[in-house]
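These notes concern the structure reproduced below.
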Amino acid sequence: MKRARRPLDFGALLGLPLAIGVVLSAHVLEGGSARSLWQPAAAMIVFGGTIGAVLVSYPFVIVKRTLLSVWRTFGEVHETPEKIVAQLIEYSHRARRKGTVALENDVDRITDPFLRGALMLAVDGAQAETARQVLDVDHVAQKEAGEVAAEVLETAAGYTPTLGILGAVLGLIHVMGSLSEPSKLGPGIAVAFVATVYGVGAANLALLPLATKLRGHARREALRREIIIEGIVALQQGLNPRLIEQKLHGYLTPTRIDAGRRAA
Amino acid sequence: MKRARRPLDFGALLGLPLAIGVVLSAHVLEGGSARSLWQPAAAMIVFGGTIGAVLVSYPFVIVKRTLLSVWRTFGEVHETPEKIVAQLIEYSHRARRKGTVALENDVDRITDPFLRGALMLAVDGAQAETARQVLDVDHVAQKEAGEVAAEVLETAAGYTPTLGILGAVLGLIHVMGSLSEPSKLGPGIAVAFVATVYGVGAANLALLPLATKLRGHARREALRREIIIEGIVALQQGLNPRLIEQKLHGYLTPTRIDAGRRAA
Amino acid sequence: MKRARRPLDFGALLGLPLAIGVVLSAHVLEGGSARSLWQPAAAMIVFGGTIGAVLVSYPFVIVKRTLLSVWRTFGEVHETPEKIVAQLIEYSHRARRKGTVALENDVDRITDPFLRGALMLAVDGAQAETARQVLDVDHVAQKEAGEVAAEVLETAAGYTPTLGILGAVLGLIHVMGSLSEPSKLGPGIAVAFVATVYGVGAANLALLPLATKLRGHARREALRREIIIEGIVALQQGLNPRLIEQKLHGYLTPTRIDAGRRAA
Amino acid sequence: MKRARRPLDFGALLGLPLAIGVVLSAHVLEGGSARSLWQPAAAMIVFGGTIGAVLVSYPFVIVKRTLLSVWRTFGEVHETPEKIVAQLIEYSHRARRKGTVALENDVDRITDPFLRGALMLAVDGAQAETARQVLDVDHVAQKEAGEVAAEVLETAAGYTPTLGILGAVLGLIHVMGSLSEPSKLGPGIAVAFVATVYGVGAANLALLPLATKLRGHARREALRREIIIEGIVALQQGLNPRLIEQKLHGYLTPTRIDAGRRAA
Amino acid sequence: MKRARRPLDFGALLGLPLAIGVVLSAHVLEGGSARSLWQPAAAMIVFGGTIGAVLVSYPFVIVKRTLLSVWRTFGEVHETPEKIVAQLIEYSHRARRKGTVALENDVDRITDPFLRGALMLAVDGAQAETARQVLDVDHVAQKEAGEVAAEVLETAAGYTPTLGILGAVLGLIHVMGSLSEPSKLGPGIAVAFVATVYGVGAANLALLPLATKLRGHARREALRREIIIEGIVALQQGLNPRLIEQKLHGYLTPTRIDAGRRAA
């Protein structure tokens, strides 16, 4: 597959700064100062509170892995389904001619751990059914892990807006002492509202979009692993490479090929 | 099936301008100026923010395809289930008399890619079970794609109202400096509220209705593909055209026929 | 079954005016004028906007059918499960003695289209398995149609309160020009709030209750059709009327009989 | 089972007055008068409106039965799983020695209709499979009925808070005429807010807790019926009482025994 | 497994005080006094009301057990999947050489009741299928219990924010008498808002995070029990220890091992 066919996922690279930048620009354009949106106390309540609540909600290992997953969805580009299918078909031809042992050298060159593990099972001569079982257990576990990462961000996105309201209410409580002095009241209320901006903004411009992104990424990775499992099992069953090709192309109908491309 | 039986889907053509027009007219009727509802900063926050958030949430290819799907639901008119059933029955009669090869010329005249693909499988003499498997994989993939399109709009509809509130709060923060000058305060608050109008309006008058429309469209297309699969598989099994007719008419009970008509 | 056993469904007949009347009376009782709740602009925004949004969401045919379903749940009284069971048992006795052909005259006297269709299948001598398949397809299609009707109302009930808020915000934008004149401000805000009353009232006093009613109705109709399918299939299998009776009475356990009665 | 082991379900008896009392006391403690919370118009809107909406939503029979279910969860104390298991084991021993007919006298002494019905089936010599089918139909119907009761309360709890807001908005519309007279405005707003107190209070201090209670009750009753079905079917299969004992004790693992106890 | 590999779950120990402390500090930092956040009446409404509502919702035994579960998730550290697998493999080797009776002494040294129960079944010579059934019933019951505990906290978290609003509205009703005296109005509103702080804070900084934590804990415990069941059943089937090892390692793929570690 040629590189040119992979549209650049600039959504992932530009969307986040775009979303936040556009909101800030609009505020400044209207005559507001960007400075007025910087309130450390509000940030402490919304972000500190959210971090605390997330640390109670999930073991530290899971939180760390979620941050890693977010980081990876921006950079890491896995093979498209098309390329995986092509590779599996090539392996099946080679295995036909020279036996699965001939694939031993390929194992070291593969960077994707799931494909490498699957091929190693084939090279070691594992039974088709055993290979499927072993790979399925890992597939399901990885799928769960991907969904947990999205879940963590959604949980956090559930805390931030309400903590934003909490911050606003705390600010209003503070301001209520100057109810009779409109000159102090105005700025006080403005400060209180900043917490709401943080909470609603963090949830809708960052956390929820990233959670949706992670969920989509996990789905595409799962599709890729399914293809690998089908291919390796078929290879172990000694199926005719032609038949394997026909079988795996089912995953590459126009729609799926498309879906694969965007996995880039 | 005669064209006259297809009621014009004027909901799709008139609903959107109606919904937005009626709200604007009511505002003007009440003495408000339509001009006062045009606030570029608010539009930037609500629409710019939503676009950014959606681009982070989904790969660019999916966003593009969603826009295409929205465009298509207004214009593209697929065959009704009735017509599909009639066509499949005709094919089965012809295949009975002259063999499936006799359908070869029909393939080129079909514009619907799914029906064409299915018929090509029949002409090529694919086994009934293989045909079903190949078509099922494509059917499921297309169904998922249709649901993803609706999901993208619903996700966007989740961002706009909260970004509308974000815009209003930012506007209120800006306005709080003039709390002691009611003559400035009023217009300031009015401007701030426009963001809410944008957010709530975009979600409820456009995004959510379109998402519901896409979901319904995807369901009807899925029904049409199911009928095609059943028909082609029955044809490949060499069933009696009479039996095929009886089988496919199950999809055309009064209720379903009705549902089909509106698919126009 | 005697008519006297069917409690009058006065909820359906009195609930709607009661709900709306009680709210209006309370408002007047408090010294508010009913006239102040009549604001054409607010009505245009909430009801016009909702109609537009619903027309975009669903094909016109479905919207029309939903209104028909609402109308019917108030008037149309179907047979209770008890009566259906009694009738099916009678049919099975007659079919035992004189053959299913003897039921031919009954077909014309039946007003319920599903029961008539089922009996016609029996009279035509359809195989038990074929009869079940044909009836099941129709049963499922009707069940889906019933659920779609409830779904349309729920979708509308999702639009009205938010459009009520939209109307209120538009009203407040309009009113903000008179922030320094409390004598004008008050009535202006009052007018703006009427949109909220329309939106919240329409959703909670009409649309959502009617959606729940339709869903319950659809469930009871589905139970009735299930009984008919079981009865006709048993009859076609030539089961002993005694056995059919025992089988169908399973649907008439104390709880279910009760549930049947209220279907009146 | 000794009575002393059944902890008094004082939650059911004290929780409701506690929840409402504590809120009222706090209001009075703060210097508010309990009298100020009594507003007939607000009560009409919130409770009258909810009653109307519920009567539209559900047939009258179901509403009546829901009220009965609420009443019963406070008073009616069913046998715990432990006691049921003990009783079933005793029956199986007796049936072993003297035949199921020997259980005839027990039937009259049983107050629980489900157990009595099940035992009658055994005494009548119904086949194990038939007994299971008949009892299952009833079991499922009762479970549905229990869930419908909880659903009715949840539906009502969905109406009250929004009708509370409706009442508040209506009150504010009324009050807006006196916007320039703070001396009248204050009490007017206070009155308007009482509707919100009614709506939020009724949903959160009564309706939702009772719905949760009904759902839990329905689950425990379902467990009890499952045990009875397993026991009676095993008895009809003529299993060794020892084996029946072993089988039924599966339902009494530490956790389940505990769950049973609290069913008291 | 060495202790050092178990990362300290400091989220559980630090998250809760962190979340609450950060919010309080921010308030004080802004110049608010911590004292102003102490309002007994508001606490009575929010916490008293929630306790009452929870006591109505669930039997007292379940509420007590939920509190115990919360307490335990902080302290109790169960064996990781890795260690459990190692132990089960060791048992299988020993059972192979000396028979399952040789495991009798181990039973007393096991503190985990589920593992002890499972091993006792093996020592008693229960059939593999019987052992699986008995253990499955207990496994499912414990899983349900774990989910109920999370559910109780979520139910409570549903009551607190709305009761916080109830408290605020009650406070505002009280304050409305002094609408014309800004000097009294401000502090009054401040007091009213404290109820909202309690409600939103309790739900988002404590109840919801703890519910999520309990749910995760229940999932990890379920995984551990599944491994034990698979291991003991395999042992009873007299499988080769090698095969048991291979089977159980399926649960320890990189991802799962990781998931296990954090169970510490």
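Residue numbering restarts at 1 for every chain of the structure tokens, chains are lettered A, B, ... in their displayed order, and ligands are numbered from 1 as they appear.
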
Write out as JSON, numbers by chain which residues come within 12 Å of Val191 in chain D when counting only C-alpha atoms, dropping same-chain ones fewer than 4 positions away.
-> {"C": [30], "D": [35, 36, 37, 38, 39, 40, 41, 42, 43, 164, 167, 168, 169, 170, 171, 172, 173, 174, 175, 184, 185, 186, 187, 195, 196, 197, 198], "E": [169, 170, 172, 173, 174, 175, 176, 177]}

Using DSSP on the backbone coordinates, identify all residues within range 149-215 of chain D classified as alpha helix (DSSP H); present the result as a PyMOL selection string.
-> chain D and resi 149-175+182-201+208-215

Would you write out, as JSON lines, a table of all residues in chain D that have an atom no more than 7 Å from an atom of chain C, listing for each the closest atom pair and the distance in Å to one decimal, considering only C-alpha atoms and ordering rows by chain and rising residue number?
{"residue": "D:Ala41", "atom": "CA", "partner": "C:Ala26", "partner_atom": "CA", "distance": 4.7}
{"residue": "D:Met44", "atom": "CA", "partner": "C:Ala26", "partner_atom": "CA", "distance": 6.1}
{"residue": "D:Ile45", "atom": "CA", "partner": "C:Val23", "partner_atom": "CA", "distance": 4.7}
{"residue": "D:Gly48", "atom": "CA", "partner": "C:Val22", "partner_atom": "CA", "distance": 6.1}
{"residue": "D:Gly49", "atom": "CA", "partner": "C:Ala19", "partner_atom": "CA", "distance": 4.5}
{"residue": "D:Gly52", "atom": "CA", "partner": "C:Ala19", "partner_atom": "CA", "distance": 4.3}
{"residue": "D:Ala53", "atom": "CA", "partner": "C:Leu205", "partner_atom": "CA", "distance": 5.4}
{"residue": "D:Val54", "atom": "CA", "partner": "C:Pro209", "partner_atom": "CA", "distance": 6.7}
{"residue": "D:Leu55", "atom": "CA", "partner": "C:Gly11", "partner_atom": "CA", "distance": 4.5}
{"residue": "D:Val56", "atom": "CA", "partner": "C:Gly15", "partner_atom": "CA", "distance": 5.0}
{"residue": "D:Ser57", "atom": "CA", "partner": "C:Pro209", "partner_atom": "CA", "distance": 4.3}
{"residue": "D:Tyr58", "atom": "CA", "partner": "C:Lys213", "partner_atom": "CA", "distance": 5.9}
{"residue": "D:Pro59", "atom": "CA", "partner": "C:Asp9", "partner_atom": "CA", "distance": 6.3}
{"residue": "D:Phe60", "atom": "CA", "partner": "C:Gly11", "partner_atom": "CA", "distance": 6.0}
{"residue": "D:Val61", "atom": "CA", "partner": "C:Arg262", "partner_atom": "CA", "distance": 6.2}
{"residue": "D:Val134", "atom": "CA", "partner": "C:Gly250", "partner_atom": "CA", "distance": 6.3}
{"residue": "D:Val137", "atom": "CA", "partner": "C:Gly250", "partner_atom": "CA", "distance": 6.3}
{"residue": "D:Asp138", "atom": "CA", "partner": "C:Thr253", "partner_atom": "CA", "distance": 6.0}
{"residue": "D:Ala141", "atom": "CA", "partner": "C:Thr255", "partner_atom": "CA", "distance": 6.4}
{"residue": "D:Gln142", "atom": "CA", "partner": "C:Thr255", "partner_atom": "CA", "distance": 6.5}
{"residue": "D:Tyr159", "atom": "CA", "partner": "C:Asn204", "partner_atom": "CA", "distance": 6.0}
{"residue": "D:Thr162", "atom": "CA", "partner": "C:Val200", "partner_atom": "CA", "distance": 6.8}
{"residue": "D:Leu166", "atom": "CA", "partner": "C:Val197", "partner_atom": "CA", "distance": 5.8}
{"residue": "D:Val169", "atom": "CA", "partner": "C:Phe193", "partner_atom": "CA", "distance": 6.6}
{"residue": "D:Leu170", "atom": "CA", "partner": "C:His27", "partner_atom": "CA", "distance": 6.7}
{"residue": "D:Ile173", "atom": "CA", "partner": "C:Ala190", "partner_atom": "CA", "distance": 4.4}
{"residue": "D:His174", "atom": "CA", "partner": "C:Gly32", "partner_atom": "CA", "distance": 5.5}
{"residue": "D:Met176", "atom": "CA", "partner": "C:Gly186", "partner_atom": "CA", "distance": 4.4}
{"residue": "D:Gly177", "atom": "CA", "partner": "C:Gly186", "partner_atom": "CA", "distance": 5.5}
{"residue": "D:Leu179", "atom": "CA", "partner": "C:Gly186", "partner_atom": "CA", "distance": 5.4}
{"residue": "D:Ser180", "atom": "CA", "partner": "C:Pro182", "partner_atom": "CA", "distance": 5.5}

Hey, what's within 12 Å of His139 in chain C if we count only C-alpha atoms and toss same-chain stuff fewer than 6 positions away? As an MDAnalysis selection string, please?
-> (chainID B and resid 250:251 253:256) or (chainID C and resid 113:115 117:118 131:133 145:146 218:219 221:229)

Contacts of range 96-110 of chain A at 10 Å or less, counting only C-alpha atoms, minus same-chain residues fewer than 4 places along, as an mmCIF file with N, CA, C and O atoms, in the first residue's frame?
data_model
loop_
_atom_site.group_PDB
_atom_site.id
_atom_site.type_symbol
_atom_site.label_atom_id
_atom_site.label_comp_id
_atom_site.auth_asym_id
_atom_site.auth_seq_id
_atom_site.Cartn_x
_atom_site.Cartn_y
_atom_site.Cartn_z
ATOM 1 N N GLU A 90 0.720 -13.260 1.869
ATOM 2 C CA GLU A 90 2.098 -13.598 1.508
ATOM 3 C C GLU A 90 2.628 -14.725 2.410
ATOM 4 O O GLU A 90 3.213 -15.697 1.926
ATOM 5 N N TYR A 91 2.378 -14.605 3.719
ATOM 6 C CA TYR A 91 2.823 -15.657 4.637
ATOM 7 C C TYR A 91 2.215 -16.994 4.237
ATOM 8 O O TYR A 91 2.877 -18.040 4.268
ATOM 9 N N SER A 92 0.938 -16.989 3.895
ATOM 10 C CA SER A 92 0.259 -18.256 3.585
ATOM 11 C C SER A 92 0.869 -18.896 2.333
ATOM 12 O O SER A 92 1.024 -20.117 2.269
ATOM 13 N N PHE A 114 1.247 -8.111 18.514
ATOM 14 C CA PHE A 114 0.189 -9.110 18.349
ATOM 15 C C PHE A 114 0.456 -9.999 17.141
ATOM 16 O O PHE A 114 0.353 -11.227 17.226
ATOM 17 N N LEU A 115 0.861 -9.385 16.029
ATOM 18 C CA LEU A 115 1.164 -10.169 14.828
ATOM 19 C C LEU A 115 2.368 -11.078 15.089
ATOM 20 O O LEU A 115 2.373 -12.244 14.690
ATOM 21 N N ARG A 116 3.390 -10.542 15.780
ATOM 22 C CA ARG A 116 4.577 -11.345 16.060
ATOM 23 C C ARG A 116 4.203 -12.565 16.896
ATOM 24 O O ARG A 116 4.580 -13.698 16.589
ATOM 25 N N GLY A 117 3.392 -12.321 17.977
ATOM 26 C CA GLY A 117 2.958 -13.433 18.825
ATOM 27 C C GLY A 117 2.194 -14.478 18.024
ATOM 28 O O GLY A 117 2.393 -15.688 18.190
ATOM 29 N N ALA A 118 1.312 -13.998 17.146
ATOM 30 C CA ALA A 118 0.493 -14.918 16.351
ATOM 31 C C ALA A 118 1.370 -15.748 15.416
ATOM 32 O O ALA A 118 1.204 -16.970 15.297
ATOM 33 N N LEU A 119 2.354 -15.081 14.781
ATOM 34 C CA LEU A 119 3.218 -15.797 13.846
ATOM 35 C C LEU A 119 4.102 -16.808 14.593
ATOM 36 O O LEU A 119 4.358 -17.919 14.095
ATOM 37 N N MET A 120 4.557 -16.417 15.783
ATOM 38 C CA MET A 120 5.373 -17.336 16.578
ATOM 39 C C MET A 120 4.612 -18.620 16.887
ATOM 40 O O MET A 120 5.151 -19.724 16.841
ATOM 41 N N LEU A 121 3.323 -18.469 17.193
ATOM 42 C CA LEU A 121 2.486 -19.650 17.447
ATOM 43 C C LEU A 121 2.469 -20.546 16.219
ATOM 44 O O LEU A 121 2.544 -21.778 16.328
ATOM 45 N N ALA A 122 2.375 -19.912 15.035
ATOM 46 C CA ALA A 122 2.332 -20.689 13.787
ATOM 47 C C ALA A 122 3.655 -21.414 13.573
ATOM 48 O O ALA A 122 3.694 -22.610 13.248
ATOM 49 N N VAL A 123 4.769 -20.670 13.761
ATOM 50 C CA VAL A 123 6.098 -21.244 13.569
ATOM 51 C C VAL A 123 6.329 -22.403 14.538
ATOM 52 O O VAL A 123 6.903 -23.429 14.176
ATOM 53 N N ASP A 124 5.849 -22.233 15.780
ATOM 54 C CA ASP A 124 6.024 -23.286 16.794
ATOM 55 C C ASP A 124 5.131 -24.489 16.519
ATOM 56 O O ASP A 124 5.164 -25.478 17.250
ATOM 57 N N GLY A 125 4.278 -24.379 15.494
ATOM 58 C CA GLY A 125 3.435 -25.513 15.134
ATOM 59 C C GLY A 125 2.257 -25.747 16.068
ATOM 60 O O GLY A 125 1.786 -26.876 16.213
ATOM 61 N N LEU A 235 -4.053 -20.313 8.184
ATOM 62 C CA LEU A 235 -2.727 -20.790 7.789
ATOM 63 C C LEU A 235 -2.392 -22.085 8.519
ATOM 64 O O LEU A 235 -1.859 -23.031 7.916
ATOM 65 N N GLN A 236 -2.731 -22.165 9.815
ATOM 66 C CA GLN A 236 -2.449 -23.363 10.599
ATOM 67 C C GLN A 236 -3.309 -24.534 10.164
ATOM 68 O O GLN A 236 -2.943 -25.691 10.310
ATOM 69 N N GLY A 238 -3.853 -25.136 7.268
ATOM 70 C CA GLY A 238 -3.323 -25.564 5.984
ATOM 71 C C GLY A 238 -4.238 -25.257 4.812
ATOM 72 O O GLY A 238 -4.219 -25.928 3.788
ATOM 73 N N LEU A 239 -5.090 -24.235 4.948
ATOM 74 C CA LEU A 239 -5.999 -23.877 3.861
ATOM 75 C C LEU A 239 -5.208 -23.421 2.642
ATOM 76 O O LEU A 239 -4.102 -22.887 2.768
ATOM 77 N N ASN A 240 -5.813 -23.582 1.484
ATOM 78 C CA ASN A 240 -5.256 -23.104 0.231
ATOM 79 C C ASN A 240 -5.130 -21.578 0.288
ATOM 80 O O ASN A 240 -6.077 -20.881 0.656
ATOM 81 N N PRO A 241 -3.930 -21.021 -0.077
ATOM 82 C CA PRO A 241 -3.745 -19.560 -0.021
ATOM 83 C C PRO A 241 -4.857 -18.801 -0.751
ATOM 84 O O PRO A 241 -5.267 -17.724 -0.318
#

Please indicate the distance in Å from CA of Glu82 in chain A to CA of Gly231 in chain A, rounded to one decimal place.
-> 12.7 Å

What separation in Å, quoted to one decimal, exists between CA of Ala156 in chain E and CA of Val70 in chain E?
-> 13.7 Å

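Going from CA of Thr66 in chain E over to CA of Glu154 in chain E, you cover 11.3 Å.
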